[in-house]
file upload-v2.txt (compact mmCIF, C-alpha atoms)
# COMPACT_ATOMS: atom_id res chain seq x y z
CA MET A 4 106.19 171.22 113.21
CA VAL A 5 107.59 168.95 115.90
CA THR A 6 107.65 171.61 118.61
CA SER A 7 104.13 172.85 117.87
CA ARG A 8 102.77 169.32 118.07
CA SER A 9 104.50 168.57 121.36
CA ALA A 10 102.93 171.70 122.81
CA ASP A 11 99.49 170.18 122.12
CA ARG A 12 99.81 167.67 124.93
CA ALA A 13 101.06 168.67 128.35
CA GLY A 14 103.68 166.34 129.77
CA SER A 15 104.16 164.52 126.48
CA LEU A 16 106.64 164.76 123.68
CA HIS A 17 105.99 163.76 120.12
CA ARG A 18 108.46 161.01 119.22
CA PHE A 19 107.28 159.17 116.11
CA ASP A 20 104.95 160.32 113.37
CA GLY A 21 102.36 158.14 111.64
CA LEU A 22 104.59 157.13 108.75
CA GLU A 23 107.37 155.99 111.08
CA ARG A 24 104.99 153.97 113.18
CA ALA A 25 103.41 152.39 110.12
CA LEU A 26 106.89 151.48 108.83
CA HIS A 27 107.83 149.97 112.17
CA TRP A 28 104.73 147.80 112.41
CA ALA A 29 104.88 146.70 108.77
CA ASN A 30 108.45 145.58 109.44
CA ALA A 31 107.42 143.90 112.68
CA VAL A 32 104.79 141.78 110.95
CA LEU A 33 107.14 140.81 108.12
CA PHE A 34 109.96 140.01 110.53
CA VAL A 35 107.74 137.74 112.62
CA VAL A 36 106.80 135.81 109.47
CA VAL A 37 110.36 135.70 108.11
CA LEU A 38 111.95 134.67 111.40
CA THR A 39 109.42 132.01 112.38
CA SER A 40 109.54 130.47 108.92
CA ALA A 41 113.35 130.63 109.10
CA ALA A 42 113.30 128.77 112.41
CA ALA A 43 111.02 126.10 110.92
CA LEU A 44 113.44 125.67 108.01
CA TYR A 45 116.68 125.72 109.94
CA PHE A 46 116.16 124.42 113.44
CA GLY A 47 116.12 120.62 113.26
CA PRO A 48 113.54 119.69 115.88
CA LEU A 49 111.16 122.37 114.59
CA SER A 50 111.63 121.30 110.95
CA ALA A 51 110.81 117.77 111.93
CA VAL A 52 107.59 118.81 113.67
CA VAL A 53 106.38 121.41 111.18
CA GLY A 54 107.55 119.73 107.96
CA ARG A 55 105.68 121.09 104.91
CA ARG A 56 109.06 122.25 103.66
CA GLU A 57 107.87 123.67 100.37
CA LEU A 58 105.10 125.75 101.89
CA VAL A 59 107.29 127.09 104.70
CA ARG A 60 110.02 127.93 102.25
CA ALA A 61 107.58 129.79 99.98
CA ILE A 62 106.33 131.79 102.95
CA HIS A 63 109.91 132.56 103.95
CA VAL A 64 111.07 133.61 100.47
CA TYR A 65 108.11 135.86 99.71
CA SER A 66 107.97 137.54 103.09
CA GLY A 67 111.73 138.07 102.81
CA LEU A 68 111.44 139.62 99.36
CA ALA A 69 108.65 141.84 100.68
CA LEU A 70 110.84 143.11 103.52
CA PRO A 71 112.48 146.03 101.69
CA LEU A 72 109.13 147.27 100.35
CA PRO A 73 107.89 149.12 103.46
CA PHE A 74 111.26 150.91 103.65
CA VAL A 75 111.06 151.99 100.01
CA ALA A 76 107.46 153.10 100.38
CA ALA A 77 108.26 155.02 103.56
CA PHE A 78 111.17 156.85 102.02
CA VAL A 79 109.21 157.86 98.95
CA LEU A 80 106.12 158.90 100.92
CA GLY A 81 108.23 160.41 103.67
CA ARG A 82 109.55 163.09 101.38
CA ARG A 83 106.07 163.89 100.05
CA TRP A 84 104.43 164.06 103.44
CA HIS A 85 107.35 165.84 105.18
CA SER A 86 107.85 163.03 107.67
CA GLN A 87 110.63 163.25 110.23
CA LEU A 88 111.80 159.81 109.08
CA GLY A 89 114.77 161.29 107.24
CA ASP A 90 115.85 163.19 110.34
CA ASP A 91 115.55 160.11 112.50
CA VAL A 92 117.59 158.04 110.05
CA ARG A 93 120.31 160.69 110.24
CA ARG A 94 120.19 160.55 114.04
CA LEU A 95 120.47 156.77 114.01
CA ASN A 96 123.52 157.01 111.78
CA ARG A 97 125.51 159.42 113.97
CA TRP A 98 127.39 158.53 117.15
CA ILE A 99 128.47 161.08 119.72
CA ASP A 100 131.02 160.59 122.50
CA ASP A 101 128.29 159.87 125.02
CA ASP A 102 127.14 156.97 122.82
CA ARG A 103 130.58 155.40 122.95
CA ARG A 104 130.80 155.98 126.71
CA TRP A 105 127.41 154.33 127.14
CA LEU A 106 128.51 151.36 125.11
CA ARG A 107 131.81 150.93 126.94
CA SER A 108 130.05 151.04 130.32
CA LEU A 109 127.18 148.89 128.97
CA GLY A 110 124.68 151.57 129.92
CA ARG A 111 125.79 151.85 133.50
CA ASP A 112 127.56 155.22 133.36
CA ARG A 113 125.07 157.66 134.85
CA ARG A 114 126.80 160.79 133.54
CA VAL A 115 126.04 159.85 129.93
CA ARG A 116 123.50 162.08 128.18
CA LEU A 117 121.92 160.51 125.14
CA GLY A 118 120.05 161.89 122.17
CA LYS A 119 116.81 160.63 120.67
CA PHE A 120 118.14 157.10 120.20
CA HIS A 121 120.44 155.11 122.45
CA PRO A 122 123.39 153.19 120.99
CA GLY A 123 121.54 149.85 121.14
CA GLN A 124 118.90 151.28 118.85
CA LYS A 125 121.57 152.71 116.57
CA ILE A 126 123.27 149.32 116.31
CA ASN A 127 119.94 147.67 115.62
CA ALA A 128 119.09 150.16 112.88
CA ALA A 129 122.50 149.86 111.21
CA TYR A 130 122.35 146.07 111.29
CA LEU A 131 118.86 146.21 109.78
CA ALA A 132 119.93 148.61 107.04
CA GLY A 133 122.95 146.47 106.14
CA GLY A 134 121.41 143.11 106.87
CA VAL A 135 118.20 143.28 104.84
CA PRO A 136 119.95 143.85 101.47
CA VAL A 137 122.49 141.12 102.31
CA MET A 138 119.72 138.68 103.20
CA VAL A 139 117.73 139.48 100.05
CA LEU A 140 120.89 139.07 97.94
CA THR A 141 122.12 135.83 99.53
CA GLY A 142 118.60 134.45 99.85
CA SER A 143 118.05 135.06 96.14
CA ILE A 144 121.25 133.15 95.30
CA MET A 145 119.99 130.28 97.45
CA LYS A 146 116.54 130.28 95.86
CA TRP A 147 117.48 130.87 92.20
CA PHE A 148 120.74 128.98 92.25
CA GLU A 149 121.08 127.77 88.65
CA PRO A 150 123.31 130.55 87.28
CA PHE A 151 125.77 130.45 90.16
CA PRO A 152 128.79 128.26 90.91
CA LEU A 153 128.29 125.79 93.78
CA SER A 154 130.85 127.62 95.91
CA TRP A 155 128.86 130.87 95.60
CA ARG A 156 125.71 129.11 96.69
CA THR A 157 127.54 127.60 99.65
CA GLY A 158 129.03 131.02 100.40
CA ALA A 159 125.60 132.63 100.18
CA THR A 160 124.17 130.01 102.56
CA PHE A 161 127.03 130.67 104.97
CA VAL A 162 126.46 134.46 104.96
CA HIS A 163 122.68 134.03 105.14
CA ASP A 164 122.99 131.75 108.17
CA TRP A 165 125.32 134.04 110.15
CA VAL A 166 123.45 137.25 109.38
CA ALA A 167 120.21 135.45 110.31
CA LEU A 168 121.72 134.50 113.65
CA GLY A 169 122.52 138.17 114.22
CA PHE A 170 118.92 139.09 113.41
CA PHE A 171 117.56 136.50 115.83
CA VAL A 172 119.73 137.86 118.64
CA LEU A 173 119.01 141.54 117.91
CA VAL A 174 115.26 141.13 117.31
CA THR A 175 114.90 139.07 120.49
CA GLY A 176 116.80 141.69 122.46
CA HIS A 177 114.80 144.49 120.85
CA VAL A 178 111.44 142.89 121.66
CA LEU A 179 112.39 141.99 125.23
CA LYS A 180 113.68 145.47 125.99
CA ALA A 181 110.72 147.11 124.28
CA VAL A 182 107.93 145.25 126.06
CA ALA A 183 109.70 145.90 129.37
CA ASP A 184 109.49 149.67 128.80
CA ARG A 185 105.93 150.98 128.96
CA ASP A 186 106.82 154.51 127.89
CA ALA A 187 108.76 153.27 124.90
CA MET A 188 105.85 151.03 123.89
CA HIS A 189 103.49 153.98 124.19
CA GLY A 190 105.78 155.93 121.91
CA ILE A 191 105.81 153.40 119.09
CA LEU A 192 102.08 152.75 119.40
CA THR A 193 100.74 156.31 119.68
CA GLY A 194 103.71 158.47 118.72
CA TRP A 195 103.85 160.22 122.11
CA VAL A 196 106.12 159.70 125.11
CA ASP A 197 106.16 160.94 128.67
CA GLU A 198 108.31 164.05 129.18
CA GLY A 199 109.82 162.64 132.34
CA TRP A 200 110.88 159.48 130.56
CA ALA A 201 112.44 161.57 127.80
CA THR A 202 114.29 163.77 130.30
CA ALA A 203 115.70 160.75 132.09
CA ARG A 204 116.52 158.54 129.12
CA HIS A 205 117.06 160.87 126.18
CA PRO A 206 118.02 164.22 127.74
CA ARG A 207 119.68 165.77 124.69
CA TRP A 208 116.59 165.10 122.65
CA ARG A 209 114.36 166.45 125.41
CA GLU A 210 116.41 169.66 125.37
CA GLU A 211 115.76 170.21 121.69
CA HIS A 212 112.12 170.74 122.59
CA ARG A 213 112.97 173.53 125.04
CA LYS A 214 114.09 175.74 122.20
CA PRO A 215 111.69 178.58 121.32
CA VAL A 216 109.20 177.78 118.55
CA MET B 20 121.54 168.07 117.10
CA GLU B 21 123.67 164.97 116.90
CA GLU B 22 123.49 164.51 113.19
CA ARG B 23 125.70 167.50 112.60
CA THR B 24 128.48 166.48 114.96
CA GLY B 25 128.54 162.71 115.39
CA THR B 26 130.54 160.19 113.39
CA PRO B 27 128.53 158.24 110.79
CA VAL B 28 128.99 154.84 112.41
CA GLY B 29 125.70 153.64 110.97
CA ARG B 30 126.84 154.14 107.40
CA ARG B 31 130.11 152.34 108.12
CA VAL B 32 128.30 149.37 109.61
CA VAL B 33 126.03 149.19 106.58
CA LEU B 34 128.95 149.32 104.15
CA GLY B 35 130.83 146.77 106.24
CA MET B 36 127.91 144.38 106.15
CA LEU B 37 127.47 144.77 102.40
CA GLY B 38 131.19 144.03 102.04
CA PHE B 39 130.88 141.00 104.30
CA GLY B 40 127.90 139.88 102.26
CA VAL B 41 129.64 140.05 98.90
CA GLY B 42 132.95 138.74 100.23
CA GLY B 43 131.19 135.99 102.08
CA VAL B 44 129.43 134.79 98.94
CA LEU B 45 132.77 134.61 97.14
CA VAL B 46 134.91 132.95 99.85
CA GLY B 47 132.31 131.68 102.30
CA ALA B 48 132.44 128.13 100.97
CA ARG B 49 136.05 127.79 102.07
CA VAL B 50 135.45 129.41 105.46
CA SER B 51 132.33 127.31 105.97
CA ASP B 52 134.25 124.18 105.09
CA PHE B 53 137.00 125.06 107.58
CA ILE B 54 134.50 125.74 110.37
CA SER B 55 132.53 122.56 109.72
CA ARG B 56 135.69 120.46 109.77
CA LEU B 57 136.67 122.15 113.01
CA LEU B 58 133.30 121.86 114.72
CA GLY B 59 132.03 118.67 113.11
CA PRO B 60 133.43 116.25 115.71
CA LEU B 61 132.26 118.55 118.50
CA THR B 62 128.70 118.86 117.26
CA ALA B 63 128.58 115.14 116.51
CA ALA B 64 129.35 114.45 120.18
CA ASP B 65 127.01 117.14 121.53
CA ARG B 66 123.95 115.49 123.04
CA THR B 67 122.02 118.72 123.59
CA GLY B 68 121.98 119.60 119.93
CA LEU B 69 122.63 123.23 120.81
CA THR B 70 125.81 123.43 118.77
CA GLU B 71 123.74 122.62 115.70
CA LEU B 72 122.45 126.16 115.95
CA ILE B 73 125.89 127.45 115.03
CA PRO B 74 125.86 128.05 111.29
CA ALA B 75 128.24 125.87 109.28
CA ALA B 76 128.77 123.60 112.27
CA GLY B 77 128.81 120.77 109.76
CA ARG B 78 125.79 118.82 110.95
CA PHE B 79 122.61 117.57 109.33
CA ARG B 80 119.48 119.59 108.85
CA ILE B 81 116.18 117.75 109.05
CA TYR B 82 113.94 118.26 106.05
CA SER B 83 110.47 116.80 105.63
CA VAL B 84 108.02 117.59 102.86
CA VAL B 85 105.00 116.41 104.82
CA GLY B 86 103.40 117.86 107.94
CA SER B 87 105.11 115.72 110.53
CA LEU B 88 107.88 113.18 110.94
CA PRO B 89 106.92 109.84 109.42
CA HIS B 90 107.53 106.94 111.76
CA ARG B 91 107.64 103.19 111.48
CA SER B 92 109.22 100.88 114.00
CA ALA B 93 112.05 98.61 112.92
CA GLU B 94 109.90 95.58 113.85
CA GLU B 95 106.91 96.47 111.68
CA TYR B 96 108.99 97.84 108.82
CA ARG B 97 108.88 96.15 105.43
CA LEU B 98 110.54 97.20 102.19
CA SER B 99 108.64 96.08 99.12
CA VAL B 100 110.63 95.41 95.95
CA GLY B 101 108.47 95.06 92.85
CA GLY B 102 107.66 96.22 89.35
CA LEU B 103 109.55 94.63 86.46
CA VAL B 104 111.09 91.87 88.63
CA THR B 105 110.81 88.08 88.55
CA ARG B 106 110.46 87.73 92.35
CA PRO B 107 108.71 90.56 94.21
CA LEU B 108 110.10 90.82 97.74
CA SER B 109 109.02 92.13 101.12
CA LEU B 110 112.17 92.65 103.18
CA SER B 111 112.31 93.30 106.91
CA VAL B 112 115.22 95.03 108.62
CA PRO B 113 116.68 91.65 109.72
CA ASP B 114 116.34 90.45 106.10
CA LEU B 115 118.41 93.39 104.91
CA GLN B 116 120.93 92.87 107.69
CA SER B 117 121.39 89.26 106.61
CA MET B 118 122.48 90.34 103.13
CA PRO B 119 126.12 91.32 102.40
CA ALA B 120 126.74 94.57 104.27
CA VAL B 121 128.58 97.58 102.89
CA ARG B 122 129.94 100.44 105.00
CA LEU B 123 130.58 103.70 103.14
CA VAL B 124 132.21 106.69 104.82
CA LYS B 125 131.44 109.68 102.67
CA ASP B 126 130.35 113.31 102.82
CA PHE B 127 126.65 114.10 102.60
CA GLN B 128 125.98 117.13 100.43
CA CYS B 129 122.67 118.97 100.25
CA VAL B 130 121.79 120.99 97.17
CA THR B 131 121.14 124.03 99.38
CA GLY B 132 124.79 124.15 100.33
CA TRP B 133 125.37 122.40 103.64
CA ARG B 134 127.58 119.41 103.89
CA VAL B 135 128.27 116.87 106.63
CA HIS B 136 131.75 115.43 106.45
CA GLN B 137 132.69 111.76 106.50
CA VAL B 138 129.42 110.14 107.51
CA PRO B 139 129.50 106.36 107.99
CA TRP B 140 126.58 104.63 106.24
CA THR B 141 125.84 100.92 106.47
CA GLY B 142 123.44 98.98 104.29
CA VAL B 143 123.02 96.68 101.32
CA ARG B 144 124.04 97.61 97.79
CA LEU B 145 120.91 98.48 95.80
CA ALA B 146 122.41 96.27 93.07
CA ASP B 147 122.27 93.29 95.44
CA VAL B 148 118.64 94.00 96.34
CA LEU B 149 117.74 94.23 92.65
CA ASP B 150 119.55 90.96 91.91
CA ALA B 151 117.71 89.25 94.76
CA ALA B 152 114.44 90.23 93.09
CA GLY B 153 115.69 89.53 89.57
CA VAL B 154 115.48 92.48 87.18
CA GLY B 155 113.14 91.67 84.28
CA PRO B 156 113.28 92.58 80.57
CA GLY B 157 112.35 96.14 79.62
CA ALA B 158 113.70 97.51 82.91
CA ARG B 159 115.43 100.87 82.53
CA ALA B 160 115.01 102.66 85.84
CA VAL B 161 114.21 102.35 89.52
CA ARG B 162 111.56 104.31 91.38
CA PHE B 163 111.63 104.93 95.15
CA THR B 164 108.58 105.66 97.25
CA SER B 165 108.51 107.01 100.78
CA PHE B 166 106.06 106.05 103.50
CA ASP B 167 105.59 109.78 104.16
CA GLY B 168 102.98 109.38 101.43
CA LEU B 169 104.38 112.06 99.17
CA TYR B 170 108.09 111.82 98.40
CA THR B 171 109.39 109.87 95.44
CA GLU B 172 112.75 109.58 93.70
CA SER B 173 114.33 107.74 90.83
CA LEU B 174 117.59 106.46 89.38
CA THR B 175 118.47 104.97 86.02
CA LEU B 176 119.37 101.30 86.19
CA ASP B 177 123.05 102.13 85.56
CA GLN B 178 123.05 104.63 88.39
CA ALA B 179 121.25 102.17 90.64
CA ARG B 180 123.92 99.51 90.08
CA ARG B 181 126.78 101.74 91.24
CA PRO B 182 128.73 100.39 94.22
CA ASP B 183 128.15 103.64 96.14
CA VAL B 184 124.35 103.42 96.06
CA ILE B 185 123.00 101.59 99.08
CA VAL B 186 119.80 100.78 100.91
CA ALA B 187 120.92 102.03 104.32
CA TYR B 188 119.78 100.82 107.75
CA ALA B 189 122.54 102.43 109.81
CA MET B 190 124.03 105.90 109.92
CA GLU B 191 127.01 106.86 112.10
CA ASP B 192 127.05 103.23 113.21
CA LYS B 193 123.59 103.46 114.80
CA PRO B 194 120.24 102.45 113.32
CA VAL B 195 118.91 105.24 111.15
CA SER B 196 116.57 107.28 113.38
CA SER B 197 113.12 108.47 112.31
CA ALA B 198 114.43 112.02 112.14
CA HIS B 199 116.99 110.97 109.55
CA GLY B 200 114.63 108.89 107.43
CA GLY B 201 114.77 105.55 109.22
CA PRO B 202 114.44 102.65 109.75
CA VAL B 203 115.54 102.28 106.12
CA ARG B 204 116.48 104.92 103.57
CA MET B 205 118.55 105.29 100.43
CA TYR B 206 122.03 106.70 100.34
CA VAL B 207 123.13 107.74 96.86
CA ALA B 208 126.68 108.90 97.56
CA PRO B 209 127.64 110.74 94.34
CA MET B 210 124.43 112.78 94.17
CA TYR B 211 122.83 115.58 96.13
CA GLY B 212 120.94 114.57 99.25
CA TYR B 213 117.46 114.87 97.75
CA LYS B 214 118.19 111.79 95.59
CA SER B 215 118.48 109.71 98.77
CA CYS B 216 114.87 108.88 99.54
CA LYS B 217 114.11 108.76 103.26
CA TRP B 218 111.45 106.69 105.01
CA LEU B 219 111.77 104.23 102.16
CA SER B 220 108.74 102.00 101.64
CA ALA B 221 109.11 100.66 98.11
CA ILE B 222 111.62 100.06 95.36
CA GLU B 223 109.97 99.61 91.98
CA VAL B 224 111.79 98.56 88.81
CA VAL B 225 110.25 100.46 85.89
CA ASP B 226 110.75 101.06 82.19
CA ARG B 227 111.55 104.79 82.42
CA VAL B 228 112.77 107.41 84.86
CA VAL B 229 109.88 109.12 86.63
CA PRO B 230 111.00 112.54 87.96
CA GLY B 231 110.59 112.67 91.71
CA TYR B 232 109.30 115.21 94.22
CA TRP B 233 112.00 117.87 93.91
CA GLU B 234 112.65 117.30 90.22
CA VAL B 235 109.14 118.28 89.22
CA ARG B 236 109.85 121.41 91.24
CA GLY B 237 112.89 122.32 89.16
CA TYR B 238 115.85 120.35 90.51
CA ASP B 239 117.97 118.18 88.20
CA VAL B 240 117.07 114.53 87.72
CA ASP B 241 120.71 113.45 87.39
CA ALA B 242 121.88 115.24 90.49
CA TRP B 243 125.64 114.62 90.40
CA ILE B 244 127.43 116.62 93.08
CA GLY B 245 129.31 119.49 91.47
CA ARG B 246 127.99 118.70 87.99
CA SER B 247 124.31 119.54 88.27
CA ASN B 248 121.97 122.15 89.70
CA GLY B 249 124.77 124.65 89.01
CA ARG B 250 128.48 124.52 88.28
CA GLY B 251 131.31 123.86 90.72
CA ASP B 252 133.26 120.85 91.76
CA GLN B 253 133.55 119.47 95.25
CA PRO B 254 133.87 115.71 95.04
CA VAL B 255 132.25 113.67 97.80
CA GLY B 256 135.06 112.37 100.04

call {"tool": "encode", "arguments": {"input": "upload-v2.txt", "output": "structure tokens"}}
result
Amino acid sequence: MVTSRSADRAGSLHRFDGLERALHWANAVLFVVVLTSAAALYFGPLSAVVGRRELVRAIHVYSGLALPLPFVAAFVLGRRWHSQLGDDVRRLNRWIDDDRRWLRSLGRDRRVRLGKFHPGQKINAAYLAGGVPVMVLTGSIMKWFEPFPLSWRTGATFVHDWVALGFFVLVTGHVLKAVADRDAMHGILTGWVDEGWATARHPRWREEHRKPV
Amino acid sequence: MEERTGTPVGRRVVLGMLGFGVGGVLVGARVSDFISRLLGPLTAADRTGLTELIPAAGRFRIYSVVGSLPHRSAEEYRLSVGGLVTRPLSLSVPDLQSMPAVRLVKDFQCVTGWRVHQVPWTGVRLADVLDAAGVGPGARAVRFTSFDGLYTESLTLDQARRPDVIVAYAMEDKPVSSAHGGPVRMYVAPMYGYKSCKWLSAIEVVDRVVPGYWEVRGYDVDAWIGRSNGRGDQPVG
């Protein structure tokens, strides 16, 4: 299915199907809401200016609780609609030697040949997959704190704060790198990427499309 | 394709994070405490405020329930003391400063989990303010109102007369800033931070406890640290 669709457009490769793109953008919207509300709750000068603590907290809690929903929906629908989401998740999970070489050289080693996703994206995806459940769990302890010992609530706050910091750093990096790369942006918006870009940046993945149909 | 040959680093990261999450909930309070003791003096001295971004750095977070930071200058500020009293008062900051001063150095604990260690607070005992006004018959409780126009709090008369409940005009040996609820705010040492009304405009002696802003939203009225809003025991230093 992938190879026949990439043959439809000369010079382009099909990178993301509709379900994957929908999942990405649903997450993007929720993350913007969660992270900006988090900043207004946590960052002193912003809290002082925005105030409205109860409203901001409600926005933060409910957008946070909603965060796993697009993932769940995508996985259920993905199986029914034969999306490549499952394949891409498997790719994001696995690291080859070239990934480690890329990481050690911080992307500077020119001999490295990467697959569909580069190690930065794999790290991002893993952090997301681990981080969202942790945030929902610790956030829930913070919000519905009555049944829990004070030390657990403090512990939950501690974990929530540090994992949030990680999200801020990774999401900022992700957005900055993404908007700087026109071909990548085209890929996540339309599903298609330039063949030349794929050959240069993701050669192993590009090669998969050379195989006979 | 990579998925058949590569190592499943993703899965390991996910499991690691879940482990960190659960472990962190169970022992994080101790780690957080250690870090905040370590970094507290550093962040207190940091003028840029950047170190406050470090989680558990042991500094204050600014909470306001209204749209912007309430502000009143120390010159124009007046604290009204009324209700079931024989002599209603209108006290300026200099008036408060002329009364016997108390300096408490204690931890400040928020119900959401963060704690600032060993904060110096200076002010007048609420008991002294009440005596200056003369508590009348039928009085059972005290009600606090904020000039943010929304926030209220309360204490029973017994709680109000405790030696560690003060009407504070200085924090960390500086006048209480607007950001921290100044020029005058309450500091109720043995209870969670929400009991300490900021941007204090009025103290009213009443015949019953009136649940305040956060209490009508589910928090405990008698908010003793470690003995309310959940179990646990970390006495305020």

call {"tool": "residues_near_point", "arguments": {"input": "upload-v2.txt", "point": "(103.3, 161.8, 109.4)", "cutoff": "10 Å", "atoms": "only C-alpha atoms", "output": "PyMOL selection string"}}
result
chain A and resi 19-25+80-81+83-88+194

call {"tool": "interface_residues", "arguments": {"input": "upload-v2.txt", "of": "chain B", "to": "chain A", "cutoff": "6 Å", "atoms": "all atoms listed in the file", "output": "MDAnalysis selection string"}}
result
chainID B and resid 22 25:29 33 36 40 43:45 47:48 74 80:81 83:88 132 248:251

call {"tool": "residues_around", "arguments": {"input": "upload-v2.txt", "residues": "stretch 95-107 of chain B", "least_positions_apart": "3", "cutoff": "6 Å", "atoms": "only C-alpha atoms", "output": "ChimeraX atom specification"}}
result
/B:92,110-111,152-155,220-225

call {"tool": "atom_distance", "arguments": {"input": "upload-v2.txt", "atom1": "atom CA of A:Ala203", "atom2": "atom CA of B:Thr24"}}
result
22.1 Å

call {"tool": "residues_around", "arguments": {"input": "upload-v2.txt", "residues": "B:Phe163", "least_positions_apart": "4", "cutoff": "12 Å", "atoms": "all atoms listed in the file", "output": "number ranges by chain"}}
result
B: 98-102, 145, 167-175, 179, 186, 203-207, 213-225, 228-232

call {"tool": "residues_around", "arguments": {"input": "upload-v2.txt", "residues": "stretch 199-202 of chain A", "least_positions_apart": "2", "cutoff": "9 Å", "atoms": "only C-alpha atoms", "output": "PyMOL selection string"}}
result
chain A and resi 14-16+119+186-187+196-197+204-210

call {"tool": "atom_distance", "arguments": {"input": "upload-v2.txt", "atom1": "atom CA of B:Leu58", "atom2": "atom CA of B:Glu191"}}
result
16.5 Å

call {"tool": "atom_distance", "arguments": {"input": "upload-v2.txt", "atom1": "atom CA of A:Arg60", "atom2": "atom CA of A:Val32"}}
result
17.2 Å

call {"tool": "decode", "arguments": {"input": "upload-v2.txt", "residues": "stretch 223-241 of chain B", "atoms": "N, CA and C atoms", "output": "mmCIF file, in the first residue's frame"}}
result
data_model
loop_
_atom_site.group_PDB
_atom_site.id
_atom_site.type_symbol
_atom_site.label_atom_id
_atom_site.label_comp_id
_atom_site.auth_asym_id
_atom_site.auth_seq_id
_atom_site.Cartn_x
_atom_site.Cartn_y
_atom_site.Cartn_z
ATOM 1 N N GLU B 223 -12.650 40.645 60.535
ATOM 2 C CA GLU B 223 -13.996 40.814 61.090
ATOM 3 C C GLU B 223 -14.247 39.739 62.132
ATOM 4 N N VAL B 224 -14.599 40.161 63.342
ATOM 5 C CA VAL B 224 -14.923 39.197 64.399
ATOM 6 C C VAL B 224 -16.396 38.816 64.236
ATOM 7 N N VAL B 225 -16.663 37.526 64.133
ATOM 8 C CA VAL B 225 -18.015 37.047 63.818
ATOM 9 C C VAL B 225 -18.454 35.955 64.792
ATOM 10 N N ASP B 226 -19.705 35.528 64.650
ATOM 11 C CA ASP B 226 -20.215 34.544 65.603
ATOM 12 C C ASP B 226 -20.087 33.101 65.125
ATOM 13 N N ARG B 227 -19.627 32.908 63.883
ATOM 14 C CA ARG B 227 -19.388 31.531 63.410
ATOM 15 C C ARG B 227 -18.367 31.553 62.279
ATOM 16 N N VAL B 228 -17.728 30.390 62.108
ATOM 17 C CA VAL B 228 -16.745 30.242 61.031
ATOM 18 C C VAL B 228 -17.466 30.285 59.682
ATOM 19 N N VAL B 229 -16.989 31.118 58.786
ATOM 20 C CA VAL B 229 -17.537 31.167 57.427
ATOM 21 C C VAL B 229 -16.485 30.571 56.486
ATOM 22 N N PRO B 230 -16.727 29.398 55.908
ATOM 23 C CA PRO B 230 -15.717 28.781 55.038
ATOM 24 C C PRO B 230 -15.266 29.733 53.935
ATOM 25 N N GLY B 231 -13.965 29.779 53.726
ATOM 26 C CA GLY B 231 -13.394 30.731 52.792
ATOM 27 C C GLY B 231 -13.282 30.186 51.376
ATOM 28 N N TYR B 232 -12.581 30.959 50.536
ATOM 29 C CA TYR B 232 -12.499 30.678 49.095
ATOM 30 C C TYR B 232 -12.196 29.224 48.757
ATOM 31 N N TRP B 233 -11.099 28.678 49.290
ATOM 32 C CA TRP B 233 -10.703 27.328 48.905
ATOM 33 C C TRP B 233 -11.526 26.264 49.623
ATOM 34 N N GLU B 234 -12.062 26.621 50.798
ATOM 35 C CA GLU B 234 -12.830 25.627 51.541
ATOM 36 C C GLU B 234 -14.147 25.297 50.862
ATOM 37 N N VAL B 235 -14.773 26.318 50.268
ATOM 38 C CA VAL B 235 -16.016 25.999 49.542
ATOM 39 C C VAL B 235 -15.706 25.199 48.283
ATOM 40 N N ARG B 236 -14.425 25.147 47.916
ATOM 41 C CA ARG B 236 -14.014 24.357 46.770
ATOM 42 C C ARG B 236 -13.418 23.022 47.173
ATOM 43 N N GLY B 237 -13.606 22.639 48.435
ATOM 44 C CA GLY B 237 -13.263 21.276 48.844
ATOM 45 C C GLY B 237 -12.106 21.113 49.813
ATOM 46 N N TYR B 238 -11.384 22.199 50.110
ATOM 47 C CA TYR B 238 -10.257 22.053 51.042
ATOM 48 C C TYR B 238 -10.759 22.144 52.492
ATOM 49 N N ASP B 239 -9.997 21.585 53.410
ATOM 50 C CA ASP B 239 -10.410 21.555 54.814
ATOM 51 C C ASP B 239 -10.427 22.944 55.439
ATOM 52 N N VAL B 240 -11.386 23.156 56.330
ATOM 53 C CA VAL B 240 -11.480 24.431 57.046
ATOM 54 C C VAL B 240 -10.378 24.530 58.102
ATOM 55 N N ASP B 241 -10.201 23.445 58.855
ATOM 56 C CA ASP B 241 -9.132 23.411 59.869
ATOM 57 C C ASP B 241 -7.915 22.764 59.211
#
